[in-house]
$ cat upload.tsv   # TSV, C-alpha atoms
chain	number	residue	atom	x	y	z
A	1	MET	CA	86.48	109.17	54.50
A	2	LYS	CA	83.64	108.90	56.95
A	3	ILE	CA	81.63	105.73	57.61
A	4	ILE	CA	79.18	104.55	60.25
A	5	CYS	CA	78.54	100.86	60.86
A	6	LYS	CA	77.50	98.41	63.55
A	7	LYS	CA	80.22	97.22	65.90
A	8	SER	CA	79.24	93.57	65.27
A	9	ASP	CA	79.65	93.98	61.47
A	10	LEU	CA	82.98	95.69	61.99
A	11	VAL	CA	84.29	92.93	64.28
A	12	HIS	CA	83.11	90.27	61.82
A	13	GLY	CA	84.78	91.93	58.82
A	14	VAL	CA	88.04	92.61	60.64
A	15	SER	CA	88.29	89.08	62.07
A	16	ILE	CA	87.88	87.57	58.58
A	17	VAL	CA	90.61	89.62	56.88
A	18	SER	CA	93.00	89.53	59.88
A	19	LYS	CA	93.85	85.97	58.87
A	20	ALA	CA	95.82	87.32	55.89
A	21	VAL	CA	97.77	90.00	57.76
A	22	SER	CA	101.52	89.52	57.56
A	23	ASN	CA	103.35	89.25	60.88
A	24	LYS	CA	106.83	88.78	59.41
A	25	THR	CA	107.43	91.48	56.83
A	26	THR	CA	109.80	94.28	55.89
A	27	LEU	CA	106.86	96.20	54.40
A	28	PRO	CA	104.94	97.91	57.22
A	29	ILE	CA	101.89	98.39	54.94
A	30	LEU	CA	101.38	94.59	54.94
A	31	GLU	CA	100.78	94.75	58.70
A	32	CYS	CA	97.71	96.87	57.94
A	33	ILE	CA	94.10	96.35	56.99
A	34	LEU	CA	92.88	98.49	54.11
A	35	ILE	CA	89.48	100.10	54.68
A	36	GLU	CA	87.82	101.36	51.53
A	37	ALA	CA	84.47	103.16	51.26
A	38	GLU	CA	83.15	103.68	47.76
A	39	ALA	CA	80.18	102.93	45.51
A	40	GLY	CA	77.99	102.09	48.50
A	41	THR	CA	80.23	99.33	49.94
A	42	ILE	CA	82.69	99.21	52.81
A	43	THR	CA	85.52	96.81	51.97
A	44	PHE	CA	88.26	95.44	54.20
A	45	THR	CA	91.39	93.90	52.63
A	46	ALA	CA	94.50	92.21	54.05
A	47	ASN	CA	97.30	90.74	51.96
A	48	ASP	CA	100.60	89.11	52.93
A	49	MET	CA	101.47	88.55	49.22
A	50	GLU	CA	100.91	84.78	49.56
A	51	LEU	CA	97.35	84.94	50.90
A	52	GLY	CA	94.92	87.83	50.43
A	53	ILE	CA	91.41	88.23	51.86
A	54	GLU	CA	88.77	90.82	50.99
A	55	THR	CA	85.33	91.13	52.57
A	56	THR	CA	82.54	93.70	52.49
A	57	ILE	CA	80.23	94.84	55.28
A	58	GLU	CA	77.11	96.95	55.44
A	59	GLY	CA	77.25	100.50	56.68
A	60	ASN	CA	76.52	104.11	55.96
A	61	ILE	CA	79.08	105.91	53.75
A	62	ILE	CA	78.99	109.63	54.42
A	63	GLU	CA	82.27	110.37	52.65
A	64	GLN	CA	84.17	108.07	50.30
A	65	GLY	CA	87.85	107.32	50.78
A	66	LYS	CA	90.40	104.76	51.94
A	67	ILE	CA	93.02	104.27	54.63
A	68	ALA	CA	95.35	101.51	55.83
A	69	LEU	CA	95.33	100.95	59.61
A	70	ASP	CA	97.59	98.78	61.75
A	71	ALA	CA	95.70	95.49	61.87
A	72	LYS	CA	96.61	94.44	65.41
A	73	LEU	CA	95.76	97.80	66.97
A	74	PHE	CA	92.63	98.36	64.89
A	75	SER	CA	91.17	94.91	65.63
A	76	GLU	CA	91.89	95.25	69.39
A	77	ILE	CA	90.19	98.68	69.46
A	78	VAL	CA	87.16	97.46	67.52
A	79	ARG	CA	86.71	94.40	69.76
A	80	LYS	CA	86.75	96.48	72.92
A	81	LEU	CA	84.33	99.21	71.81
A	82	PRO	CA	80.82	99.35	73.32
A	83	ASP	CA	78.13	97.41	71.41
A	84	ASN	CA	76.82	100.26	69.33
A	85	ASP	CA	77.32	102.10	66.03
A	86	VAL	CA	80.94	103.01	65.27
A	87	THR	CA	82.03	106.06	63.27
A	88	ILE	CA	85.38	106.01	61.47
A	89	GLN	CA	86.58	109.31	60.04
A	90	THR	CA	89.91	110.15	58.40
A	91	ASP	CA	91.71	113.37	57.50
A	92	GLN	CA	94.29	114.40	54.86
A	93	ASP	CA	97.21	113.34	57.09
A	94	PHE	CA	95.98	109.72	57.23
A	95	LYS	CA	94.89	109.95	60.83
A	96	ALA	CA	91.76	108.01	61.77
A	97	GLN	CA	89.25	108.92	64.43
A	98	ILE	CA	87.23	105.96	65.73
A	99	THR	CA	84.22	106.92	67.83
A	100	CYS	CA	81.63	104.81	69.63
A	101	GLU	CA	79.38	106.21	72.35
A	102	LYS	CA	81.79	108.10	74.66
A	103	ALA	CA	84.95	106.35	73.46
A	104	CYS	CA	87.08	108.19	70.91
A	105	PHE	CA	90.40	106.90	69.54
A	106	HIS	CA	92.81	108.77	67.27
A	107	ILE	CA	95.26	106.51	65.46
A	108	ILE	CA	97.82	107.07	62.72
A	109	GLY	CA	97.23	105.23	59.46
A	110	GLN	CA	98.96	104.94	56.11
A	111	GLU	CA	97.97	106.02	52.63
A	112	GLY	CA	95.41	103.55	51.24
A	113	SER	CA	96.72	103.81	47.68
A	114	GLU	CA	100.05	102.30	48.84
A	115	PHE	CA	98.29	99.06	49.77
A	116	PRO	CA	98.86	96.08	47.43
A	117	TYR	CA	95.55	94.98	45.94
A	118	LEU	CA	94.62	91.33	45.51
A	119	PRO	CA	95.62	89.90	42.12
A	120	GLU	CA	92.89	89.83	39.48
A	121	ILE	CA	91.90	86.21	38.86
A	122	GLU	CA	90.57	85.17	35.47
A	123	LYS	CA	87.49	83.08	36.09
A	124	GLU	CA	88.04	80.38	33.49
A	125	LYS	CA	88.37	77.10	35.42
A	126	SER	CA	86.03	76.77	38.38
A	127	ILE	CA	83.92	74.50	40.55
A	128	THR	CA	81.06	75.23	42.93
A	129	LEU	CA	80.21	73.16	45.99
A	130	SER	CA	78.55	73.61	49.36
A	131	GLN	CA	80.51	75.27	52.16
A	132	PHE	CA	79.69	72.21	54.27
A	133	SER	CA	81.37	69.86	51.77
A	134	LEU	CA	84.48	72.00	51.45
A	135	LYS	CA	84.86	72.35	55.21
A	136	GLU	CA	84.44	68.58	55.73
A	137	ILE	CA	86.89	67.64	52.98
A	138	ILE	CA	89.57	69.92	54.40
A	139	ARG	CA	88.92	68.76	57.99
A	140	GLN	CA	89.21	65.13	56.90
A	141	THR	CA	92.59	65.57	55.18
A	142	ILE	CA	94.46	68.60	56.57
A	143	PHE	CA	95.93	66.71	59.55
A	144	SER	CA	98.30	64.77	57.31
A	145	ILE	CA	100.07	67.66	55.60
A	146	SER	CA	103.72	68.18	56.53
A	147	ASP	CA	105.05	71.18	58.45
A	148	ASN	CA	108.51	70.67	56.94
A	149	ASP	CA	109.29	73.53	54.55
A	150	ASN	CA	112.04	71.46	52.91
A	151	ALA	CA	109.30	69.36	51.28
A	152	LYS	CA	107.22	72.33	50.10
A	153	LEU	CA	104.62	70.32	48.17
A	154	MET	CA	103.85	68.26	51.28
A	155	THR	CA	102.83	71.45	53.13
A	156	GLY	CA	99.87	71.77	50.74
A	157	GLU	CA	96.98	69.67	49.49
A	158	LEU	CA	96.35	68.45	45.97
A	159	PHE	CA	92.97	69.60	44.60
A	160	GLU	CA	92.19	67.61	41.47
A	161	VAL	CA	89.01	67.71	39.40
A	162	LYS	CA	88.53	64.86	36.97
A	163	ASP	CA	85.27	63.73	35.35
A	164	ASN	CA	83.29	66.10	37.64
A	165	ARG	CA	84.74	64.52	40.76
A	166	LEU	CA	86.88	66.45	43.23
A	167	SER	CA	89.77	64.62	44.94
A	168	VAL	CA	91.72	66.21	47.77
A	169	VAL	CA	95.00	64.58	48.81
A	170	SER	CA	97.51	65.25	51.58
A	171	LEU	CA	100.61	63.37	52.68
A	172	ASP	CA	103.57	63.84	55.02
A	173	GLY	CA	105.82	60.85	54.30
A	174	HIS	CA	104.20	58.61	56.94
A	175	ARG	CA	100.59	58.67	55.79
A	176	ILE	CA	98.28	59.70	52.97
A	177	SER	CA	94.72	61.07	53.22
A	178	ILE	CA	92.35	61.12	50.24
A	179	ARG	CA	88.78	62.44	50.09
A	180	LYS	CA	86.62	62.38	46.97
A	181	ILE	CA	83.22	63.92	46.25
A	182	ASP	CA	81.05	64.08	43.16
A	183	LEU	CA	80.33	67.59	41.92
A	184	ASN	CA	76.97	68.77	40.63
A	185	GLY	CA	77.47	70.16	37.14
A	186	GLU	CA	79.96	69.95	34.28
A	187	TYR	CA	83.48	71.17	35.04
A	188	ASP	CA	86.85	71.28	33.29
A	189	ASP	CA	89.56	69.03	34.72
A	190	PHE	CA	92.35	70.69	36.70
A	191	LYS	CA	95.06	69.84	39.21
A	192	VAL	CA	96.56	72.36	41.68
A	193	VAL	CA	98.41	72.27	45.02
A	194	VAL	CA	96.92	74.65	47.61
A	195	PRO	CA	99.00	75.73	50.63
A	196	GLY	CA	97.84	74.16	53.89
A	197	LYS	CA	97.87	77.57	55.61
A	198	THR	CA	95.29	78.87	53.12
A	199	LEU	CA	92.99	75.89	53.71
A	200	GLN	CA	93.30	76.18	57.50
A	201	GLU	CA	92.16	79.80	57.27
A	202	ILE	CA	89.31	78.95	54.86
A	203	VAL	CA	87.95	76.41	57.36
A	204	LYS	CA	87.83	79.11	60.05
A	205	ILE	CA	85.96	81.59	57.83
A	206	ILE	CA	83.34	79.58	55.92
A	207	SER	CA	80.01	78.92	57.58
A	208	GLY	CA	79.96	75.20	56.83
A	209	GLU	CA	76.25	75.37	56.03
A	210	MET	CA	74.82	72.92	53.50
A	211	ASP	CA	72.79	75.69	51.79
A	212	ASP	CA	75.71	78.13	51.44
A	213	GLU	CA	77.90	77.72	48.38
A	214	VAL	CA	81.54	78.44	47.65
A	215	SER	CA	82.94	78.97	44.15
A	216	ILE	CA	86.56	78.06	43.52
A	217	TYR	CA	88.50	79.47	40.55
A	218	VAL	CA	92.01	78.39	39.53
A	219	THR	CA	94.70	79.82	37.27
A	220	SER	CA	98.27	78.59	36.79
A	221	LYS	CA	99.50	80.62	39.77
A	222	HIS	CA	96.50	81.36	42.02
A	223	ILE	CA	93.33	79.95	43.54
A	224	LEU	CA	90.33	82.10	44.46
A	225	PHE	CA	87.58	81.10	46.90
A	226	GLU	CA	84.41	83.22	46.71
A	227	PHE	CA	81.62	82.89	49.27
A	228	ASP	CA	79.18	85.16	51.09
A	229	ASN	CA	80.73	88.65	50.79
A	230	THR	CA	84.28	87.37	50.91
A	231	LYS	CA	87.13	86.61	48.47
A	232	VAL	CA	90.20	84.61	49.46
A	233	VAL	CA	93.08	84.57	46.96
A	234	SER	CA	96.13	82.40	47.47
A	235	ARG	CA	99.25	81.60	45.54
A	236	LEU	CA	99.52	77.95	44.57
A	237	LEU	CA	102.49	75.73	45.39
A	238	GLU	CA	104.52	75.10	42.26
A	239	GLY	CA	105.74	71.69	41.14
A	240	GLU	CA	104.47	68.26	40.18
A	241	TYR	CA	102.59	66.59	43.05
A	242	TYR	CA	103.58	63.07	44.11
A	243	LYS	CA	102.21	60.18	42.08
A	244	ILE	CA	100.23	58.46	44.75
A	245	SER	CA	98.38	55.99	42.52
A	246	GLN	CA	101.32	53.56	42.63
A	247	MET	CA	101.22	53.58	46.45
A	248	LEU	CA	97.54	52.62	46.55
A	249	SER	CA	97.36	48.87	46.14
A	250	SER	CA	94.02	47.07	46.26
A	251	ASP	CA	95.77	43.81	47.28
A	252	TYR	CA	95.53	42.72	50.90
A	253	GLU	CA	96.22	39.65	53.02
A	254	THR	CA	94.01	40.61	55.98
A	255	LYS	CA	90.77	42.59	56.14
A	256	VAL	CA	89.23	43.70	59.42
A	257	VAL	CA	85.77	45.17	60.04
A	258	ILE	CA	85.75	47.04	63.35
A	259	ASN	CA	83.58	49.46	65.33
A	260	LYS	CA	85.21	52.85	64.83
A	261	LYS	CA	84.23	54.38	68.16
A	262	GLU	CA	85.43	51.36	70.11
A	263	PHE	CA	88.73	51.27	68.24
A	264	LEU	CA	89.34	55.00	68.76
A	265	SER	CA	88.48	54.86	72.49
A	266	CYS	CA	90.78	51.91	72.95
A	267	ILE	CA	93.77	53.64	71.30
A	268	ASP	CA	92.98	56.82	73.22
A	269	ARG	CA	93.13	54.91	76.53
A	270	ALA	CA	96.39	53.22	75.56
A	271	SER	CA	97.92	56.59	74.69
A	272	LEU	CA	97.68	57.64	78.34
A	273	LEU	CA	100.84	55.62	78.93
A	274	ILE	CA	103.00	57.41	76.38
A	275	ARG	CA	104.44	60.85	75.86
A	276	GLU	CA	104.92	62.39	72.39
A	277	SER	CA	108.71	62.10	72.79
A	278	ASP	CA	108.55	58.37	73.61
A	279	LYS	CA	107.80	57.26	70.04
A	280	LYS	CA	106.28	54.08	71.51
A	281	PRO	CA	104.20	52.12	69.00
A	282	ILE	CA	100.85	50.56	69.70
A	283	ILE	CA	100.95	46.82	68.91
A	284	ILE	CA	97.98	45.29	67.13
A	285	ASN	CA	97.58	41.52	67.15
A	286	ILE	CA	94.84	40.30	64.81
A	287	THR	CA	93.46	36.82	65.35
A	288	ASP	CA	90.23	35.13	64.27
A	289	HIS	CA	87.55	37.15	66.06
A	290	ALA	CA	89.53	39.66	68.08
A	291	LEU	CA	91.96	42.49	67.71
A	292	GLU	CA	94.26	42.71	70.71
A	293	LEU	CA	95.79	46.09	71.28
A	294	SER	CA	98.79	46.44	73.62
A	295	ILE	CA	101.28	49.07	74.63
A	296	SER	CA	104.15	49.15	77.10
A	297	SER	CA	106.19	52.13	78.15
A	298	PHE	CA	108.23	53.53	81.01
A	299	PHE	CA	104.92	54.30	82.78
A	300	GLY	CA	103.38	50.84	82.51
A	301	SER	CA	101.51	48.61	80.10
A	302	MET	CA	97.97	47.98	78.87
A	303	GLU	CA	96.13	45.35	76.82
A	304	GLU	CA	92.59	45.36	75.48
A	305	ASN	CA	90.59	43.16	73.14
A	306	ILE	CA	88.03	44.32	70.59
A	307	MET	CA	85.66	42.02	68.71
A	308	ILE	CA	86.13	42.16	64.93
A	309	GLN	CA	85.18	40.40	61.71
A	310	LYS	CA	88.27	39.16	59.95
A	311	GLU	CA	89.14	37.80	56.53
A	312	GLY	CA	92.57	36.37	55.75
A	313	ARG	CA	95.69	35.83	57.84
A	314	ASP	CA	96.52	36.56	61.45
A	315	LEU	CA	98.84	39.54	61.80
A	316	LEU	CA	101.05	41.36	64.32
A	317	ILE	CA	101.79	44.99	63.42
A	318	GLY	CA	102.80	48.25	65.13
A	319	PHE	CA	101.64	51.85	64.54
A	320	ASN	CA	102.15	55.35	65.83
A	321	PRO	CA	98.91	55.72	67.85
A	322	LYS	CA	98.52	59.42	66.95
A	323	PHE	CA	98.37	58.58	63.22
A	324	LEU	CA	95.57	56.06	63.80
A	325	MET	CA	93.62	58.45	66.03
A	326	ASP	CA	93.91	61.36	63.57
A	327	VAL	CA	92.19	59.22	60.93
A	328	LEU	CA	89.54	57.67	63.18
A	329	ARG	CA	88.50	61.09	64.51
A	330	VAL	CA	87.52	62.35	61.04
A	331	ILE	CA	85.66	59.28	59.75
A	332	ASP	CA	81.92	59.47	60.38
A	333	ASP	CA	81.11	55.80	59.63
A	334	GLU	CA	80.11	53.53	62.49
A	335	GLU	CA	82.06	50.59	61.11
A	336	ILE	CA	85.32	50.83	59.22
A	337	TYR	CA	87.23	48.49	56.93
A	338	VAL	CA	90.97	48.15	57.56
A	339	TYR	CA	93.17	46.35	55.03
A	340	PHE	CA	96.64	44.96	55.80
A	341	VAL	CA	99.26	43.39	53.51
A	342	ASN	CA	102.08	42.49	55.93
A	343	PRO	CA	103.76	43.96	59.08
A	344	LYS	CA	106.09	46.12	56.96
A	345	ALA	CA	103.52	47.48	54.49
A	346	PRO	CA	101.06	50.35	55.01
A	347	CYS	CA	97.53	49.62	56.16
A	348	PHE	CA	94.56	51.16	54.34
A	349	ILE	CA	91.32	52.41	55.85
A	350	ARG	CA	88.74	52.95	53.13
A	351	ASP	CA	85.05	52.73	52.40
A	352	ASP	CA	83.42	50.75	49.62
A	353	ALA	CA	82.15	53.90	47.87
A	354	GLY	CA	85.70	55.21	47.49
A	355	SER	CA	84.85	58.52	49.16
A	356	TYR	CA	87.82	58.24	51.51
A	357	THR	CA	91.13	56.37	51.64
A	358	TYR	CA	93.72	56.65	54.40
A	359	LEU	CA	97.12	54.99	54.21
A	360	ILE	CA	99.30	54.68	57.33
A	361	LEU	CA	102.84	53.30	57.43
A	362	PRO	CA	103.54	50.84	60.27
A	363	VAL	CA	106.48	51.19	62.68
A	364	ASN	CA	109.03	48.58	63.66
A	365	PHE	CA	108.94	47.20	67.18
A	366	ASN	CA	110.61	44.55	69.30
A	367	HIS	CA	108.10	42.11	70.68
$ encode --input "upload.tsv" --output "structure tokens"
Amino acid sequence: MKIICKKSDLVHGVSIVSKAVSNKTTLPILECILIEAEAGTITFTANDMELGIETTIEGNIIEQGKIALDAKLFSEIVRKLPDNDVTIQTDQDFKAQITCEKACFHIIGQEGSEFPYLPEIEKEKSITLSQFSLKEIIRQTIFSISDNDNAKLMTGELFEVKDNRLSVVSLDGHRISIRKIDLNGEYDDFKVVVPGKTLQEIVKIISGEMDDEVSIYVTSKHILFEFDNTKVVSRLLEGEYYKISQMLSSDYETKVVINKKEFLSCIDRASLLIRESDKKPIIINITDHALELSISSFFGSMEENIMIQKEGRDLLIGFNPKFLMDVLRVIDDEEIYVYFVNPKAPCFIRDDAGSYTYLILPVNFNH
């Protein structure tokens, strides 16, 4: 194989697929990136058997062929080459010569045909949406997945299409995040659970531009994201996702309309007095026209009032401040609606259009 391509294209391609390189494996080939030059395209592939990424770059193919190169070493070399055209040439013994200006590396590779290809995905059920929308939806929900592998389904997000509307749901036992968007076009209904790791990598790769689209295809075992010159294939999490509809009550005793930025800044200031390990709640006291926020810890105490519009009863309730801040950081609205039932029940933050709903469980406190 012999190819010539721009360093910038090479770096871009390698950085995309590196996200699917396995770092804990008994198969050394999975620690490699496959480089393939045929039919006028240069393709990079990485696959850890749970997540696989393939992308193509432009370049000049002088001789077709393929080779698997150690991903860590190859990406470090590529990044540190001069900014010029790079030539990659291989021989029969699976050695690669990487040349750029006066720099010339010789590294040992592995046979390309040993590399596990990405699974073929039947393109039956699919949706298409803008990269911007997908990136936003993931950003606005991914923070409330669980990192506990004992509750496997909680480490992923539910993607459900019903009546041409996409709902994305995450939960970790203390909170639930739901985002919904209307899709343009007619689509079949489906429901799958996508690993959080896959979605975190997708967010890093996609452009997030409104004009760029991403097509998503699902089968019973896999999900495929196709955009630009890239394919991302992931295994799905198996099992029946939690029935969240019964947790989402529309009843409330107290409704508060509050300035989001003010609320977030206030909680952020209060958090200066606590350490993660403290588990100190933030106390919210809701009266007629004000929300009083207070916190006391080993380091000191703080109180602050925020003007609000209130319907219903006065209320005293405690929350983990991080959970509130996670939600407030991803909502773009200037004003938010917060609904409370009682000091022991979850609060809801949701908009009238139903495009987002966040549920947060309160914490007990001694006052």
$ residues_around --input "upload.tsv" --residues "stretch 10-22 of chain A" --least-positions-apart "3" --cutoff "8 Å" --atoms "only C-alpha atoms" --output "MDAnalysis selection string"
chainID A and resid 5:7 25 30:33 44:48 51:57 71 75 78:79 201 205
$ residues_around --input "upload.tsv" --residues "A:Val194" --least-positions-apart "5" --cutoff "7 Å" --atoms "all atoms listed in the file" --output "JSON, numbers by chain"
{"A": [156, 157, 158, 236, 237]}
$ residues_around --input "upload.tsv" --residues "A:Asp332" --least-positions-apart "5" --cutoff "12 Å" --atoms "all atoms listed in the file" --output "number ranges by chain"
A: 136, 139-140, 259-261, 327, 350-351, 355-356
$ closest_residue --input "upload.tsv" --among "A:Lys221, A:Arg165, A:His106, A:Lys123" --to "A:Glu186" --atoms "only C-alpha atoms"
A:Arg165
$ closest_residue --input "upload.tsv" --among "A:Thr99, A:Gln246, A:Gln110, A:Ser167" --to "A:Asp189" --atoms "only C-alpha atoms"
A:Ser167
$ atom_distance --input "upload.tsv" --atom1 "atom CA of A:Leu248" --atom2 "atom CA of A:Met307"
27.3 Å
$ atom_distance --input "upload.tsv" --atom1 "atom CA of A:Lys280" --atom2 "atom CA of A:Ser297"
6.9 Å
$ atom_distance --input "upload.tsv" --atom1 "atom CA of A:Leu224" --atom2 "atom CA of A:Ile121"
7.1 Å
$ closest_residue --input "upload.tsv" --among "A:Ile137, A:Leu171, A:Ala345, A:Ile4" --to "A:Thr254" --atoms "all atoms listed in the file"
A:Ala345
$ closest_residue --input "upload.tsv" --among "A:Ile223, A:Lys322, A:Val256, A:Gln309" --to "A:Val338" --atoms "all atoms listed in the file"
A:Val256
$ residues_around --input "upload.tsv" --residues "A:Arg269" --least-positions-apart "4" --cutoff "12 Å" --atoms "all atoms listed in the file" --output "PyMOL selection string"
chain A and resi 262-265+273-274+282+293-295+301-304+321-322+325
$ closest_residue --input "upload.tsv" --among "A:Asp333, A:Leu328, A:Ile349, A:Ile202" --to "A:Phe132" --atoms "all atoms listed in the file"
A:Ile202
$ residues_around --input "upload.tsv" --residues "stretch 61-65 of chain A" --least-positions-apart "2" --cutoff "12 Å" --atoms "all atoms listed in the file" --output "CSV table (one decimal) with C-alpha atoms, in the frame of the given file"
chain,number,residue,atom,x,y,z
A,1,MET,CA,86.5,109.2,54.5
A,2,LYS,CA,83.6,108.9,57.0
A,3,ILE,CA,81.6,105.7,57.6
A,4,ILE,CA,79.2,104.6,60.2
A,5,CYS,CA,78.5,100.9,60.9
A,34,LEU,CA,92.9,98.5,54.1
A,35,ILE,CA,89.5,100.1,54.7
A,36,GLU,CA,87.8,101.4,51.5
A,37,ALA,CA,84.5,103.2,51.3
A,38,GLU,CA,83.2,103.7,47.8
A,39,ALA,CA,80.2,102.9,45.5
A,40,GLY,CA,78.0,102.1,48.5
A,41,THR,CA,80.2,99.3,49.9
A,42,ILE,CA,82.7,99.2,52.8
A,43,THR,CA,85.5,96.8,52.0
A,57,ILE,CA,80.2,94.8,55.3
A,58,GLU,CA,77.1,97.0,55.4
A,59,GLY,CA,77.2,100.5,56.7
A,67,ILE,CA,93.0,104.3,54.6
A,68,ALA,CA,95.4,101.5,55.8
A,87,THR,CA,82.0,106.1,63.3
A,88,ILE,CA,85.4,106.0,61.5
A,89,GLN,CA,86.6,109.3,60.0
A,90,THR,CA,89.9,110.2,58.4
A,91,ASP,CA,91.7,113.4,57.5
A,92,GLN,CA,94.3,114.4,54.9
A,94,PHE,CA,96.0,109.7,57.2
A,96,ALA,CA,91.8,108.0,61.8
A,111,GLU,CA,98.0,106.0,52.6
A,112,GLY,CA,95.4,103.6,51.2
A,113,SER,CA,96.7,103.8,47.7
$ closest_atom_pairs --input "upload.tsv" --of "stretch 136-200 of chain A" --to "stretch 210-219 of chain A" --cutoff "12 Å" --atoms "all atoms listed in the file" --output "JSON lines"
{"residue": "A:Glu136", "atom": "CA", "partner": "A:Met210", "partner_atom": "CA", "distance": 10.8}
{"residue": "A:Phe159", "atom": "CA", "partner": "A:Val218", "partner_atom": "CA", "distance": 10.2}
{"residue": "A:Glu160", "atom": "CA", "partner": "A:Val218", "partner_atom": "CA", "distance": 11.0}
{"residue": "A:Val161", "atom": "CA", "partner": "A:Val218", "partner_atom": "CA", "distance": 11.1}
{"residue": "A:Leu166", "atom": "CA", "partner": "A:Ile216", "partner_atom": "CA", "distance": 11.6}
{"residue": "A:Leu183", "atom": "CA", "partner": "A:Ser215", "partner_atom": "CA", "distance": 11.9}
{"residue": "A:Asn184", "atom": "CA", "partner": "A:Glu213", "partner_atom": "CA", "distance": 11.9}
{"residue": "A:Tyr187", "atom": "CA", "partner": "A:Tyr217", "partner_atom": "CA", "distance": 11.2}
{"residue": "A:Asp188", "atom": "CA", "partner": "A:Val218", "partner_atom": "CA", "distance": 10.8}
{"residue": "A:Asp189", "atom": "CA", "partner": "A:Val218", "partner_atom": "CA", "distance": 10.8}
{"residue": "A:Phe190", "atom": "CA", "partner": "A:Val218", "partner_atom": "CA", "distance": 8.2}
{"residue": "A:Lys191", "atom": "CA", "partner": "A:Val218", "partner_atom": "CA", "distance": 9.1}
{"residue": "A:Val192", "atom": "CA", "partner": "A:Val218", "partner_atom": "CA", "distance": 7.9}
{"residue": "A:Val193", "atom": "CA", "partner": "A:Val218", "partner_atom": "CA", "distance": 10.4}
{"residue": "A:Val194", "atom": "CA", "partner": "A:Val218", "partner_atom": "CA", "distance": 10.2}
$ axis_aligned_box --input "upload.tsv" --around "stretch 131-136 of chain A" --padding-each-side "6 Å" --output "lines of an AutoDock Vina configuration file"
center_x = 82.3
center_y = 71.9
center_z = 53.6
size_x = 17.2
size_y = 18.7
size_z = 16.3
$ build_atoms --input "upload.tsv" --residues "stretch 55-69 of chain A" --atoms "N, CA and C atoms" --output "CSV table (one decimal), in the frame of the given file"
chain,number,residue,atom,x,y,z
A,55,THR,N,86.7,91.4,52.2
A,55,THR,CA,85.3,91.1,52.6
A,55,THR,C,84.6,92.5,52.6
A,56,THR,N,83.3,92.5,52.4
A,56,THR,CA,82.5,93.7,52.5
A,56,THR,C,81.5,93.6,53.6
A,57,ILE,N,81.2,94.8,54.2
A,57,ILE,CA,80.2,94.8,55.3
A,57,ILE,C,79.2,96.0,55.0
A,58,GLU,N,78.1,95.9,55.6
A,58,GLU,CA,77.1,97.0,55.4
A,58,GLU,C,77.4,98.1,56.3
A,59,GLY,N,77.0,99.3,55.9
A,59,GLY,CA,77.2,100.5,56.7
A,59,GLY,C,76.8,101.7,55.9
A,60,ASN,N,76.9,102.9,56.5
A,60,ASN,CA,76.5,104.1,56.0
A,60,ASN,C,77.8,104.9,55.5
A,61,ILE,N,77.9,105.2,54.2
A,61,ILE,CA,79.1,105.9,53.8
A,61,ILE,C,78.7,107.4,53.6
A,62,ILE,N,79.3,108.2,54.5
A,62,ILE,CA,79.0,109.6,54.4
A,62,ILE,C,80.0,110.3,53.5
A,63,GLU,N,81.2,109.8,53.5
A,63,GLU,CA,82.3,110.4,52.6
A,63,GLU,C,83.1,109.2,52.2
A,64,GLN,N,83.3,109.1,50.9
A,64,GLN,CA,84.2,108.1,50.3
A,64,GLN,C,85.6,108.3,50.6
A,65,GLY,N,86.4,107.2,50.5
A,65,GLY,CA,87.8,107.3,50.8
A,65,GLY,C,88.4,106.0,51.2
A,66,LYS,N,89.8,106.0,51.5
A,66,LYS,CA,90.4,104.8,51.9
A,66,LYS,C,91.6,105.1,52.8
A,67,ILE,N,91.9,104.1,53.7
A,67,ILE,CA,93.0,104.3,54.6
A,67,ILE,C,93.5,102.9,55.0
A,68,ALA,N,94.8,102.8,55.3
A,68,ALA,CA,95.4,101.5,55.8
A,68,ALA,C,95.7,101.7,57.3
A,69,LEU,N,95.1,100.8,58.2
A,69,LEU,CA,95.3,101.0,59.6
A,69,LEU,C,96.0,99.7,60.1
